[in-house]
file data-v4.txt (compact mmCIF, C-alpha atoms)
# COMPACT_ATOMS: atom_id res chain seq x y z
CA MET A 1 60.81 39.04 -123.69
CA MET A 2 63.73 40.28 -121.73
CA LYS A 3 61.45 42.29 -119.48
CA ALA A 4 59.17 39.33 -118.82
CA THR A 5 62.09 37.18 -117.78
CA ARG A 6 63.30 39.84 -115.49
CA ARG A 7 59.86 40.24 -113.96
CA ASN A 8 59.68 36.51 -113.48
CA LEU A 9 63.04 36.55 -111.87
CA ILE A 10 62.05 39.32 -109.53
CA SER A 11 58.83 37.64 -108.49
CA THR A 12 60.64 34.35 -107.99
CA PHE A 13 63.18 36.16 -105.87
CA LEU A 14 60.49 37.89 -103.85
CA GLY A 15 58.68 34.58 -103.39
CA LEU A 16 61.87 32.95 -102.22
CA ALA A 17 62.56 35.81 -99.85
CA ALA A 18 59.06 35.46 -98.41
CA LEU A 19 59.59 31.72 -97.94
CA ILE A 20 62.89 32.28 -96.20
CA CYS A 21 61.24 34.82 -93.92
CA VAL A 22 58.48 32.40 -92.98
CA GLY A 23 61.07 29.72 -92.38
CA ALA A 24 63.06 32.11 -90.23
CA VAL A 25 60.03 32.99 -88.14
CA ARG A 26 59.27 29.31 -87.50
CA ALA A 27 62.91 28.65 -86.75
CA GLN A 28 63.05 31.51 -84.30
CA GLU A 29 60.10 30.23 -82.31
CA ALA A 30 61.64 29.18 -79.02
CA PRO A 31 61.49 25.40 -78.41
CA ASP A 32 59.40 25.66 -75.25
CA VAL A 33 56.93 27.99 -76.99
CA LEU A 34 56.73 25.56 -79.90
CA VAL A 35 55.99 22.59 -77.61
CA LYS A 36 53.36 24.54 -75.71
CA ASN A 37 51.61 25.85 -78.82
CA VAL A 38 51.55 22.51 -80.60
CA THR A 39 50.43 20.60 -77.49
CA LEU A 40 47.64 23.04 -76.65
CA GLU A 41 46.48 23.12 -80.27
CA VAL A 42 46.27 19.32 -80.45
CA VAL A 43 44.63 18.91 -77.04
CA ASP A 44 42.08 21.55 -78.06
CA LEU A 45 41.41 19.83 -81.40
CA ILE A 46 40.83 16.52 -79.62
CA ALA A 47 38.53 18.08 -77.05
CA LYS A 48 36.35 19.61 -79.77
CA ASP A 49 36.24 16.62 -82.10
CA LYS A 50 33.37 14.27 -81.35
CA GLU A 51 34.66 11.54 -83.65
CA ILE A 52 38.07 11.44 -81.99
CA LYS A 53 36.50 11.51 -78.55
CA SER A 54 34.33 8.54 -79.42
CA GLY A 55 37.42 6.58 -80.37
CA ASN A 56 38.10 7.28 -84.06
CA ARG A 57 41.78 6.36 -84.03
CA ALA A 58 42.39 6.98 -87.73
CA LYS A 59 41.27 10.59 -87.39
CA LEU A 60 43.41 11.10 -84.30
CA ILE A 61 46.43 9.79 -86.19
CA GLN A 62 45.61 12.23 -89.03
CA VAL A 63 45.67 15.13 -86.56
CA ILE A 64 48.99 13.96 -85.12
CA ASP A 65 50.38 13.51 -88.64
CA ALA A 66 49.51 17.05 -89.60
CA LYS A 67 50.25 18.94 -86.40
CA VAL A 68 52.85 17.05 -84.40
CA LEU A 69 55.00 15.02 -86.77
CA PRO A 70 56.57 17.94 -88.64
CA HIS A 71 58.34 18.79 -85.39
CA PHE A 72 59.96 15.38 -84.97
CA ASN A 73 63.21 14.21 -86.52
CA PHE A 74 62.43 10.53 -87.05
CA SER A 75 65.61 9.58 -88.83
CA ALA A 76 67.60 10.91 -85.86
CA MET A 77 65.36 8.96 -83.46
CA THR A 78 65.76 5.78 -85.48
CA ALA A 79 69.52 6.26 -85.71
CA LEU A 80 69.81 6.75 -81.96
CA ALA A 81 67.62 3.73 -81.20
CA LEU A 82 69.62 1.55 -83.57
CA GLY A 83 73.03 2.59 -82.31
CA GLN A 84 75.95 1.18 -84.27
CA SER A 85 73.77 -0.91 -86.59
CA TRP A 86 72.52 2.31 -88.18
CA ASN A 87 75.89 2.87 -89.84
CA LYS A 88 75.77 -0.61 -91.37
CA ALA A 89 72.32 -0.14 -92.89
CA THR A 90 71.89 0.73 -96.58
CA PRO A 91 70.03 3.96 -97.46
CA GLU A 92 66.99 1.88 -98.48
CA GLN A 93 67.05 0.01 -95.14
CA LYS A 94 67.38 3.30 -93.27
CA LYS A 95 64.37 4.69 -95.09
CA ARG A 96 62.18 1.69 -94.38
CA LEU A 97 63.29 1.41 -90.74
CA THR A 98 62.50 5.07 -90.18
CA GLU A 99 59.05 4.66 -91.76
CA GLU A 100 58.16 1.61 -89.65
CA PHE A 101 59.50 3.10 -86.41
CA ARG A 102 57.62 6.31 -87.14
CA THR A 103 54.36 4.40 -87.64
CA LEU A 104 54.85 2.55 -84.35
CA LEU A 105 55.67 5.72 -82.41
CA VAL A 106 52.74 7.64 -83.86
CA ARG A 107 50.37 4.88 -82.84
CA THR A 108 51.82 4.78 -79.31
CA TYR A 109 51.58 8.56 -79.14
CA ALA A 110 47.95 8.43 -80.26
CA SER A 111 47.09 5.92 -77.53
CA ALA A 112 48.80 8.06 -74.91
CA LEU A 113 46.98 11.19 -76.09
CA ALA A 114 43.63 9.41 -76.14
CA ALA A 115 44.17 8.20 -72.57
CA TYR A 116 45.68 11.30 -70.99
CA SER A 117 44.63 14.37 -73.02
CA GLU A 118 42.20 15.51 -70.33
CA GLN A 119 44.86 15.82 -67.64
CA LYS A 120 46.13 19.23 -66.62
CA LEU A 121 49.48 20.23 -68.08
CA ASP A 122 52.20 22.33 -66.54
CA PHE A 123 54.64 23.82 -69.08
CA ARG A 124 57.96 24.44 -67.37
CA PRO A 125 60.11 27.45 -68.20
CA LEU A 126 63.03 26.55 -70.46
CA ARG A 127 66.38 26.30 -68.74
CA ALA A 128 68.87 26.98 -71.50
CA LYS A 129 71.42 29.56 -72.57
CA PRO A 130 70.53 31.75 -75.58
CA GLY A 131 73.05 30.09 -77.92
CA ASP A 132 72.11 26.48 -77.04
CA THR A 133 71.22 24.23 -79.98
CA ASP A 134 70.30 21.14 -77.92
CA VAL A 135 67.73 21.62 -75.17
CA THR A 136 65.21 19.71 -73.07
CA VAL A 137 61.70 21.11 -72.90
CA GLN A 138 59.83 19.98 -69.81
CA VAL A 139 56.10 19.47 -69.49
CA ARG A 140 54.45 17.89 -66.48
CA VAL A 141 51.19 15.98 -66.48
CA LEU A 142 49.38 16.77 -63.24
CA GLN A 143 47.19 14.04 -61.85
CA LYS A 144 45.06 13.92 -58.75
CA GLY A 145 46.59 12.21 -55.75
CA ALA A 146 49.82 11.23 -57.47
CA GLN A 147 53.20 12.70 -58.24
CA PRO A 148 53.19 14.68 -61.52
CA VAL A 149 54.57 12.75 -64.49
CA PRO A 150 57.32 14.67 -66.29
CA ILE A 151 57.45 14.53 -70.09
CA ASP A 152 60.76 15.81 -71.43
CA TYR A 153 61.30 16.59 -75.10
CA ALA A 154 64.93 16.48 -76.19
CA MET A 155 65.15 18.97 -79.05
CA GLU A 156 67.80 20.05 -81.48
CA LYS A 157 67.97 23.25 -83.51
CA THR A 158 68.02 22.61 -87.24
CA SER A 159 67.72 24.82 -90.30
CA ASN A 160 63.93 24.18 -90.31
CA GLY A 161 63.37 25.01 -86.68
CA TRP A 162 63.57 22.93 -83.53
CA LYS A 163 63.07 19.19 -83.90
CA VAL A 164 62.35 16.57 -81.23
CA TYR A 165 64.76 13.62 -81.27
CA ASP A 166 63.74 11.86 -78.03
CA VAL A 167 60.84 11.89 -75.60
CA MET A 168 61.28 10.92 -71.95
CA VAL A 169 58.17 9.96 -70.02
CA GLY A 170 58.67 9.73 -66.27
CA GLY A 171 62.42 9.55 -66.85
CA VAL A 172 62.10 6.73 -69.40
CA SER A 173 63.69 7.65 -72.72
CA LEU A 174 61.76 6.14 -75.63
CA VAL A 175 64.85 5.97 -77.80
CA ALA A 176 66.94 4.29 -75.10
CA ASN A 177 64.13 1.87 -74.34
CA TYR A 178 64.02 0.63 -77.91
CA ARG A 179 67.78 0.24 -78.10
CA THR A 180 67.99 -3.18 -76.37
CA GLU A 181 64.97 -4.50 -78.22
CA PHE A 182 66.35 -3.39 -81.58
CA SER A 183 69.83 -4.74 -80.95
CA ASN A 184 68.37 -8.10 -79.85
CA VAL A 185 66.38 -8.42 -83.08
CA VAL A 186 69.27 -7.21 -85.26
CA ARG A 187 71.63 -9.72 -83.62
CA GLU A 188 69.20 -12.57 -84.29
CA SER A 189 67.86 -11.73 -87.72
CA GLY A 190 69.69 -8.70 -89.09
CA ILE A 191 68.40 -5.30 -90.09
CA ASP A 192 65.94 -6.80 -92.57
CA GLY A 193 64.62 -8.95 -89.73
CA LEU A 194 64.00 -5.82 -87.68
CA ILE A 195 62.19 -4.12 -90.58
CA LYS A 196 60.02 -7.20 -90.98
CA ASN A 197 59.41 -7.44 -87.22
CA LEU A 198 58.32 -3.79 -86.99
CA GLY A 199 56.13 -4.16 -90.07
CA THR A 200 54.34 -7.19 -88.62
CA LYS A 201 53.82 -5.32 -85.35
CA ASN A 202 52.39 -2.28 -87.12
CA ARG A 203 50.04 -4.30 -89.32
CA GLY A 204 48.84 -6.24 -86.27
CA LEU A 205 48.03 -3.01 -84.42
CA ALA A 206 46.30 -1.53 -87.47
CA ALA A 207 44.20 -4.68 -87.84
CA ALA A 208 43.22 -4.61 -84.15
CA GLU A 209 42.05 -1.02 -84.57
CA THR A 210 39.64 -1.61 -87.42
CA LYS A 211 37.98 -4.48 -85.59
CA MET B 212 69.80 0.86 -38.77
CA LEU B 213 73.10 2.06 -40.18
CA ARG B 214 74.68 -1.35 -39.73
CA VAL B 215 71.80 -3.04 -41.53
CA MET B 216 72.09 -0.54 -44.34
CA LEU B 217 75.82 -1.11 -44.67
CA ALA B 218 75.31 -4.85 -44.79
CA LEU B 219 72.67 -4.43 -47.49
CA ALA B 220 74.96 -2.09 -49.39
CA ALA B 221 77.69 -4.72 -49.33
CA LEU B 222 75.19 -7.27 -50.62
CA ALA B 223 74.35 -5.19 -53.63
CA LEU B 224 77.91 -4.09 -54.33
CA GLY B 225 78.00 -6.39 -57.31
CA GLY B 226 75.38 -4.21 -58.89
CA CYS B 227 77.40 -1.03 -58.68
CA ALA B 228 79.80 -1.85 -61.45
CA SER B 229 77.33 -3.48 -63.78
CA LEU B 230 75.86 -0.72 -65.91
CA GLY B 231 77.46 -2.09 -69.07
CA GLY B 232 75.77 -4.65 -71.30
CA GLU B 233 72.25 -5.96 -70.87
CA GLU B 234 73.38 -9.39 -69.69
CA ALA B 235 75.20 -7.71 -66.83
CA ARG B 236 72.02 -6.03 -65.68
CA ASP B 237 69.91 -9.18 -65.97
CA PRO B 238 71.97 -12.28 -65.18
CA PHE B 239 68.86 -14.18 -64.04
CA GLU B 240 66.96 -13.57 -67.28
CA GLY B 241 65.87 -17.20 -67.65
CA TRP B 242 64.37 -17.32 -64.15
CA ASN B 243 62.96 -13.82 -64.49
CA ARG B 244 61.19 -14.63 -67.74
CA GLY B 245 59.61 -17.66 -66.05
CA VAL B 246 58.23 -15.58 -63.19
CA TYR B 247 57.18 -12.91 -65.69
CA ARG B 248 55.10 -15.45 -67.62
CA VAL B 249 53.30 -16.60 -64.46
CA ASN B 250 52.68 -13.00 -63.37
CA ASP B 251 51.39 -12.18 -66.81
CA LYS B 252 48.84 -15.00 -66.67
CA LEU B 253 47.80 -13.92 -63.20
CA ASP B 254 47.32 -10.41 -64.53
CA GLN B 255 45.47 -11.55 -67.62
CA TYR B 256 43.00 -13.79 -65.78
CA VAL B 257 42.64 -12.09 -62.40
CA ALA B 258 44.09 -8.61 -61.86
CA ARG B 259 43.19 -6.98 -65.17
CA PRO B 260 39.58 -8.24 -65.33
CA VAL B 261 38.98 -7.22 -61.71
CA ALA B 262 40.56 -3.79 -62.27
CA THR B 263 38.57 -3.28 -65.48
CA GLY B 264 35.36 -4.21 -63.69
CA TYR B 265 36.24 -1.87 -60.82
CA ARG B 266 36.82 1.01 -63.21
CA LYS B 267 33.51 0.36 -64.95
CA ALA B 268 31.50 -0.07 -61.75
CA VAL B 269 32.98 2.68 -59.57
CA PRO B 270 32.67 6.32 -60.69
CA GLY B 271 35.89 8.29 -61.24
CA GLU B 272 35.00 10.63 -58.39
CA ILE B 273 34.99 7.75 -55.89
CA ARG B 274 38.15 6.24 -57.35
CA ASP B 275 39.87 9.60 -56.78
CA ARG B 276 38.83 9.41 -53.11
CA VAL B 277 40.21 5.87 -52.81
CA ARG B 278 43.51 6.85 -54.50
CA ASN B 279 43.83 9.87 -52.20
CA PHE B 280 43.12 7.80 -49.09
CA PHE B 281 45.94 5.36 -49.82
CA GLY B 282 48.16 8.15 -51.12
CA ASN B 283 47.82 9.90 -47.77
CA ILE B 284 48.88 6.79 -45.88
CA GLY B 285 51.83 6.45 -48.24
CA ASP B 286 52.91 10.04 -47.61
CA VAL B 287 53.93 9.19 -44.02
CA PHE B 288 56.86 7.03 -45.11
CA ILE B 289 57.53 9.06 -48.24
CA GLY B 290 58.35 11.78 -45.70
CA VAL B 291 60.49 9.38 -43.65
CA ASN B 292 62.46 8.43 -46.75
CA ASN B 293 62.99 12.05 -47.74
CA VAL B 294 64.38 12.75 -44.26
CA LEU B 295 66.59 9.64 -44.48
CA GLN B 296 67.95 11.13 -47.71
CA GLY B 297 68.65 14.40 -45.92
CA LYS B 298 65.93 16.20 -47.88
CA PHE B 299 64.35 17.75 -44.81
CA ALA B 300 62.28 20.38 -46.62
CA ASP B 301 60.74 17.69 -48.83
CA GLY B 302 60.07 15.47 -45.82
CA PHE B 303 58.46 18.38 -44.00
CA ASN B 304 56.33 19.02 -47.12
CA ASP B 305 55.15 15.39 -47.03
CA TRP B 306 54.19 15.52 -43.36
CA VAL B 307 52.37 18.82 -43.80
CA ARG B 308 50.42 17.04 -46.54
CA VAL B 309 49.53 14.25 -44.11
CA ALA B 310 48.47 16.75 -41.45
CA PHE B 311 46.18 18.75 -43.74
CA ASN B 312 44.80 15.84 -45.74
CA THR B 313 44.08 13.70 -42.68
CA SER B 314 42.27 16.50 -40.86
CA PHE B 315 40.65 18.89 -43.33
CA GLY B 316 40.81 16.32 -46.10
CA ILE B 317 38.78 13.86 -43.98
CA LEU B 318 41.15 10.91 -43.43
CA GLY B 319 42.93 11.71 -46.66
CA ILE B 320 40.09 11.23 -49.11
CA HIS B 321 40.54 14.81 -50.33
CA ASP B 322 44.00 15.89 -51.44
CA ILE B 323 43.65 19.51 -50.42
CA ALA B 324 47.40 19.84 -49.79
CA THR B 325 48.16 19.70 -53.53
CA ASP B 326 45.83 22.66 -54.12
CA MET B 327 47.65 24.49 -51.33
CA GLY B 328 50.95 24.01 -53.15
CA TYR B 329 52.29 21.01 -51.23
CA GLU B 330 53.14 18.67 -54.08
CA LYS B 331 53.09 14.90 -53.71
CA HIS B 332 56.44 13.08 -53.90
CA ASP B 333 57.46 9.57 -54.80
CA GLU B 334 59.96 7.97 -52.42
CA ASP B 335 60.56 4.54 -50.94
CA PHE B 336 63.37 2.60 -49.23
CA GLY B 337 64.78 1.37 -52.54
CA GLN B 338 65.30 4.99 -53.60
CA THR B 339 66.83 5.84 -50.22
CA PHE B 340 69.43 3.07 -50.69
CA GLY B 341 70.05 4.36 -54.20
CA TYR B 342 70.44 7.90 -52.91
CA TRP B 343 73.25 6.75 -50.61
CA GLY B 344 75.10 5.18 -53.50
CA MET B 345 73.87 1.60 -53.51
CA GLY B 346 73.65 0.27 -57.07
CA PRO B 347 70.47 -1.43 -58.25
CA GLY B 348 72.10 -4.86 -58.52
CA PRO B 349 70.71 -7.49 -60.88
CA TYR B 350 67.19 -7.10 -62.26
CA LEU B 351 64.63 -9.32 -60.51
CA VAL B 352 61.05 -10.17 -61.36
CA LEU B 353 59.24 -10.87 -58.10
CA PRO B 354 56.23 -13.17 -57.93
CA VAL B 355 53.01 -11.07 -58.08
CA LEU B 356 54.87 -7.79 -57.41
CA GLY B 357 56.67 -7.76 -60.77
CA SER B 358 59.69 -5.69 -61.86
CA SER B 359 62.34 -5.07 -59.23
CA THR B 360 66.06 -5.29 -58.57
CA VAL B 361 68.00 -6.74 -55.66
CA ARG B 362 68.19 -3.28 -54.07
CA ASP B 363 64.56 -2.43 -54.72
CA GLY B 364 63.46 -5.88 -53.53
CA ILE B 365 65.13 -5.25 -50.16
CA GLY B 366 63.55 -1.79 -50.21
CA LYS B 367 60.14 -3.29 -50.89
CA GLY B 368 60.58 -5.58 -47.90
CA LEU B 369 61.14 -2.54 -45.70
CA ASP B 370 58.26 -0.66 -47.36
CA PHE B 371 56.03 -3.59 -46.55
CA TYR B 372 57.35 -3.90 -43.00
CA THR B 373 56.68 -0.21 -42.27
CA ASP B 374 53.34 -0.05 -44.10
CA PRO B 375 50.76 1.38 -41.64
CA ILE B 376 48.07 -0.80 -43.22
CA ASN B 377 49.84 -3.88 -41.84
CA GLU B 378 49.00 -2.63 -38.34
CA THR B 379 45.30 -2.60 -39.09
CA ASP B 380 43.07 -4.80 -36.92
CA PRO B 381 41.08 -6.97 -37.37
CA TRP B 382 42.68 -8.99 -40.14
CA GLU B 383 39.53 -8.80 -42.30
CA ALA B 384 39.86 -5.03 -42.44
CA ARG B 385 43.58 -5.33 -43.14
CA TRP B 386 43.14 -7.66 -46.10
CA GLY B 387 40.19 -5.66 -47.35
CA LEU B 388 42.37 -2.54 -47.47
CA VAL B 389 45.31 -4.39 -49.04
CA THR B 390 43.03 -5.79 -51.75
CA LEU B 391 41.32 -2.48 -52.43
CA ARG B 392 44.69 -0.78 -52.78
CA LEU B 393 45.91 -3.43 -55.23
CA VAL B 394 42.77 -3.12 -57.34
CA GLN B 395 42.97 0.68 -57.34
CA THR B 396 46.65 0.59 -58.33
CA ARG B 397 46.04 -1.86 -61.16
CA ALA B 398 43.05 0.17 -62.37
CA ASP B 399 45.23 3.30 -62.52
CA LEU B 400 47.72 1.40 -64.68
CA LEU B 401 45.22 0.01 -67.20
CA ASP B 402 45.93 2.63 -69.87
CA ALA B 403 49.67 2.60 -69.35
CA SER B 404 49.91 -1.18 -69.55
CA ARG B 405 47.90 -1.24 -72.77
CA ILE B 406 50.15 1.39 -74.33
CA LEU B 407 53.21 -0.58 -73.24
CA GLU B 408 51.83 -3.68 -74.90
CA GLU B 409 51.27 -1.78 -78.12
CA ALA B 410 54.69 -0.20 -78.12
CA ALA B 411 56.88 -3.19 -77.26
CA LEU B 412 58.38 -5.75 -79.60
CA ASP B 413 59.40 -7.94 -76.66
CA ARG B 414 57.33 -6.92 -73.64
CA TYR B 415 59.72 -8.48 -71.14
CA VAL B 416 62.67 -6.47 -72.44
CA PHE B 417 60.66 -3.27 -72.88
CA GLN B 418 59.25 -3.43 -69.37
CA ARG B 419 62.61 -4.30 -67.83
CA ASP B 420 64.41 -1.42 -69.51
CA ALA B 421 61.60 1.00 -68.69
CA TYR B 422 61.66 -0.09 -65.03
CA LEU B 423 65.44 0.32 -64.73
CA GLN B 424 65.34 3.75 -66.41
CA ARG B 425 62.40 4.85 -64.29
CA ARG B 426 64.01 3.82 -61.01
CA ARG B 427 67.28 5.49 -61.94
CA SER B 428 65.38 8.67 -62.68
CA LEU B 429 63.50 8.45 -59.36
CA VAL B 430 66.69 7.93 -57.36
CA TYR B 431 67.99 11.19 -58.84
CA ASP B 432 64.57 12.88 -58.38
CA GLY B 433 64.11 13.27 -62.11
CA GLN B 434 67.56 14.70 -62.83
CA PRO B 435 69.80 11.70 -63.51
CA PRO B 436 73.27 12.40 -64.89
CA ARG B 437 73.70 11.33 -68.51
CA GLU B 438 74.65 7.70 -68.72
CA LYS B 439 77.80 6.76 -70.56
CA ASP B 440 76.69 4.71 -73.52
CA PRO B 441 79.21 3.08 -75.84
CA ASP B 442 76.62 2.98 -78.64
CA ASP B 443 75.64 6.58 -78.48
CA GLU B 444 77.95 8.86 -80.40
CA SER B 445 76.30 12.03 -79.29
CA ASP B 446 76.96 13.82 -82.57
CA LYS B 447 75.39 11.06 -84.66
CA LYS B 448 72.00 12.69 -84.79
CA LYS B 449 73.58 15.86 -86.08
CA SER B 450 74.68 14.15 -89.28
CA ASP B 451 71.06 13.67 -90.37
call {"tool": "encode", "arguments": {"input": "data-v4.txt", "output": "structure tokens"}}
result
Amino acid sequence: MMKATRRNLISTFLGLAALICVGAVRAQEAPDVLVKNVTLEVVDLIAKDKEIKSGNRAKLIQVIDAKVLPHFNFSAMTALALGQSWNKATPEQKKRLTEEFRTLLVRTYASALAAYSEQKLDFRPLRAKPGDTDVTVQVRVLQKGAQPVPIDYAMEKTSNGWKVYDVMVGGVSLVANYRTEFSNVVRESGIDGLIKNLGTKNRGLAAAETK
Amino acid sequence: MLRVMLALAALALGGCASLGGEEARDPFEGWNRGVYRVNDKLDQYVARPVATGYRKAVPGEIRDRVRNFFGNIGDVFIGVNNVLQGKFADGFNDWVRVAFNTSFGILGIHDIATDMGYEKHDEDFGQTFGYWGMGPGPYLVLPVLGSSTVRDGIGKGLDFYTDPINETDPWEARWGLVTLRLVQTRADLLDASRILEEAALDRYVFQRDAYLQRRRSLVYDGQPPREKDPDDESDKKKSD
């Protein structure tokens, strides 16, 4: 009896240690390496998948859900986009806002990937000091006969590895761009109004897709 | 030239101090939204259908040639603007592009300079004014042309005035080129404009804010200093 418990304890401990190790390896992956690996993996998946190439949006969103989303910190993005109103929201409101904003961003991301995944990408070397916990990873989309479009990922180091908290496309920060829109809606109809507004938007886009 | 620029700078001085609230950036919102609605209809019924048809009818290979041709013409004054901003190496780069693309690239239809390592830039008179410290001034939606500011509107006037295509004779050729360039530009933006529509809650606001951010980034060549934002407590995200 005693022995069994001890064995259990040891195996649990070993399991935990293994988990921590895996976590540590992921966490140690440099942010620019992470962005490059994830991007190339997703672009490759899209290129090989006939259904996605022929416009299966649901499947594309599945791929993004599984591969890309774990590296985003959506509650941080929502908090930044909401500004001061975030502090006034209840935990339930925060949860629902984050879910709706996440759905909207994923859909936008899917559209962008579907339109631009065949462009050449240029992964820029990371300019950061070793101890930095807040960095910008730069990727450039190269297009024929036009200036390259920079895509900057603002990333923060957390206990589960690096997480993206803002994306800047051509110098336009997504989070900053939603800030005015969100504050306009919150001023007119409160936080619940914003949740409702985002929900209606998301359902409308989902309905348009299945048509 | 300098005197004109100083006068224009004085004109837009009001814009320098107005990075605060949204109303400050867009005092003509009522008027702007009106023009925006008309532009939107024009786009919905004319520009977008024509651009969609163009993209369906003309193969991508040919559209690349058309984009390169107009891009090459644009590079002449992109170079001028880089020089006006004191960025002589960049300006030289732009003119080397014109030289190679016009000759070996056959009147610019092949962008061989990019493959040789001479990257294309994005400059115009609005950015040159911004580079020398002129604020954007109030946001303006121009008829047909769309998003702009007082500064960029003046810049666009100069861009138009110096546009080599305006020198083209006879007028049929000139308007043919102007139309083709408009159609090509709109066709290149079809995906982006659809994504913007999907992403925005209020398209007017989303487009305005994106334009102002984009132009600010361009003025600083992609490295704008962080903007002071009363809403953004920079350690807020760390509490999650």
call {"tool": "residues_around", "arguments": {"input": "data-v4.txt", "residues": "stretch 358-373 of chain B", "least_positions_apart": "2", "cutoff": "6 Å", "atoms": "all atoms listed in the file", "output": "list in words"}}
result
Phe336, Gly337, Pro347, Gly348, Pro349, Tyr350, Leu351 and Val352 of chain B
call {"tool": "closest_atom_pairs", "arguments": {"input": "data-v4.txt", "of": "stretch 29-103 of chain A", "to": "stretch 177-191 of chain A", "cutoff": "10 Å", "atoms": "all atoms listed in the file", "output": "tab-separated table"}}
result
residue	atom	partner	partner_atom	distance
A:Thr78	CA	A:Tyr178	CA	9.3
A:Ala79	CA	A:Arg179	CA	9.9
A:Leu80	CA	A:Arg179	CA	7.8
A:Ala81	CA	A:Arg179	CA	4.7
A:Leu82	CA	A:Arg179	CA	5.9
A:Gly83	CA	A:Arg179	CA	7.1
A:Gln84	CA	A:Ser183	CA	9.1
A:Ser85	CA	A:Ile191	CA	7.8
A:Trp86	CA	A:Ile191	CA	8.9
A:Lys88	CA	A:Ile191	CA	8.8
A:Ala89	CA	A:Ile191	CA	7.1
A:Thr90	CA	A:Ile191	CA	9.5
A:Gln93	CA	A:Ile191	CA	7.5
A:Lys94	CA	A:Ile191	CA	9.2
A:Leu97	CA	A:Ile191	CA	8.5
A:Phe101	CA	A:Tyr178	CA	9.9
call {"tool": "interface_residues", "arguments": {"input": "data-v4.txt", "of": "chain B", "to": "chain A", "cutoff": "6 Å", "atoms": "only C-alpha atoms", "output": "CSV table (one decimal) with C-alpha atoms, in the coordinates of the input"}}
result
chain,number,residue,atom,x,y,z
B,279,ASN,CA,43.8,9.9,-52.2
B,331,LYS,CA,53.1,14.9,-53.7
B,332,HIS,CA,56.4,13.1,-53.9
B,410,ALA,CA,54.7,-0.2,-78.1
B,420,ASP,CA,64.4,-1.4,-69.5
B,421,ALA,CA,61.6,1.0,-68.7
B,424,GLN,CA,65.3,3.8,-66.4
B,425,ARG,CA,62.4,4.8,-64.3
B,428,SER,CA,65.4,8.7,-62.7
B,442,ASP,CA,76.6,3.0,-78.6
B,448,LYS,CA,72.0,12.7,-84.8
call {"tool": "atom_distance", "arguments": {"input": "data-v4.txt", "atom1": "atom CA of A:Lys48", "atom2": "atom CA of B:Tyr265"}}
result
28.6 Å
call {"tool": "atom_distance", "arguments": {"input": "data-v4.txt", "atom1": "atom CA of A:Glu92", "atom2": "atom CA of A:Leu60"}}
result
29.0 Å
call {"tool": "atom_distance", "arguments": {"input": "data-v4.txt", "atom1": "atom CA of B:Arg397", "atom2": "atom CA of B:Val269"}}
result
13.9 Å
call {"tool": "closest_residue", "arguments": {"input": "data-v4.txt", "among": "B:Arg385, B:Arg276, B:His321, B:Arg392", "to": "B:Ala262", "atoms": "only C-alpha atoms"}}
result
B:Arg392
call {"tool": "residues_around", "arguments": {"input": "data-v4.txt", "residues": "stretch 128-133 of chain A", "least_positions_apart": "3", "cutoff": "10 Å", "atoms": "all atoms listed in the file", "output": "count of residues only"}}
result
10
call {"tool": "build_atoms", "arguments": {"input": "data-v4.txt", "residues": "stretch 181-190 of chain A", "atoms": "N, CA and C atoms", "output": "tab-separated table (two decimals), keeping the file's coordinate frame"}}
result
chain	number	residue	atom	x	y	z
A	181	GLU	N	65.86	-3.71	-77.38
A	181	GLU	CA	64.97	-4.50	-78.22
A	181	GLU	C	65.50	-4.58	-79.65
A	182	PHE	N	65.86	-3.43	-80.20
A	182	PHE	CA	66.35	-3.39	-81.58
A	182	PHE	C	67.63	-4.20	-81.73
A	183	SER	N	68.55	-4.03	-80.78
A	183	SER	CA	69.83	-4.74	-80.95
A	183	SER	C	69.63	-6.24	-80.80
A	184	ASN	N	68.67	-6.67	-79.95
A	184	ASN	CA	68.37	-8.10	-79.85
A	184	ASN	C	67.89	-8.66	-81.19
A	185	VAL	N	66.94	-7.94	-81.81
A	185	VAL	CA	66.38	-8.42	-83.08
A	185	VAL	C	67.44	-8.40	-84.17
A	186	VAL	N	68.24	-7.32	-84.22
A	186	VAL	CA	69.27	-7.21	-85.26
A	186	VAL	C	70.30	-8.33	-85.10
A	187	ARG	N	70.66	-8.66	-83.85
A	187	ARG	CA	71.63	-9.72	-83.62
A	187	ARG	C	71.09	-11.06	-84.11
A	188	GLU	N	69.79	-11.28	-83.91
A	188	GLU	CA	69.20	-12.57	-84.29
A	188	GLU	C	68.90	-12.67	-85.77
A	189	SER	N	68.34	-11.58	-86.34
A	189	SER	CA	67.86	-11.73	-87.72
A	189	SER	C	68.23	-10.55	-88.62
A	190	GLY	N	69.21	-9.76	-88.21
A	190	GLY	CA	69.69	-8.70	-89.09
A	190	GLY	C	68.75	-7.52	-89.19
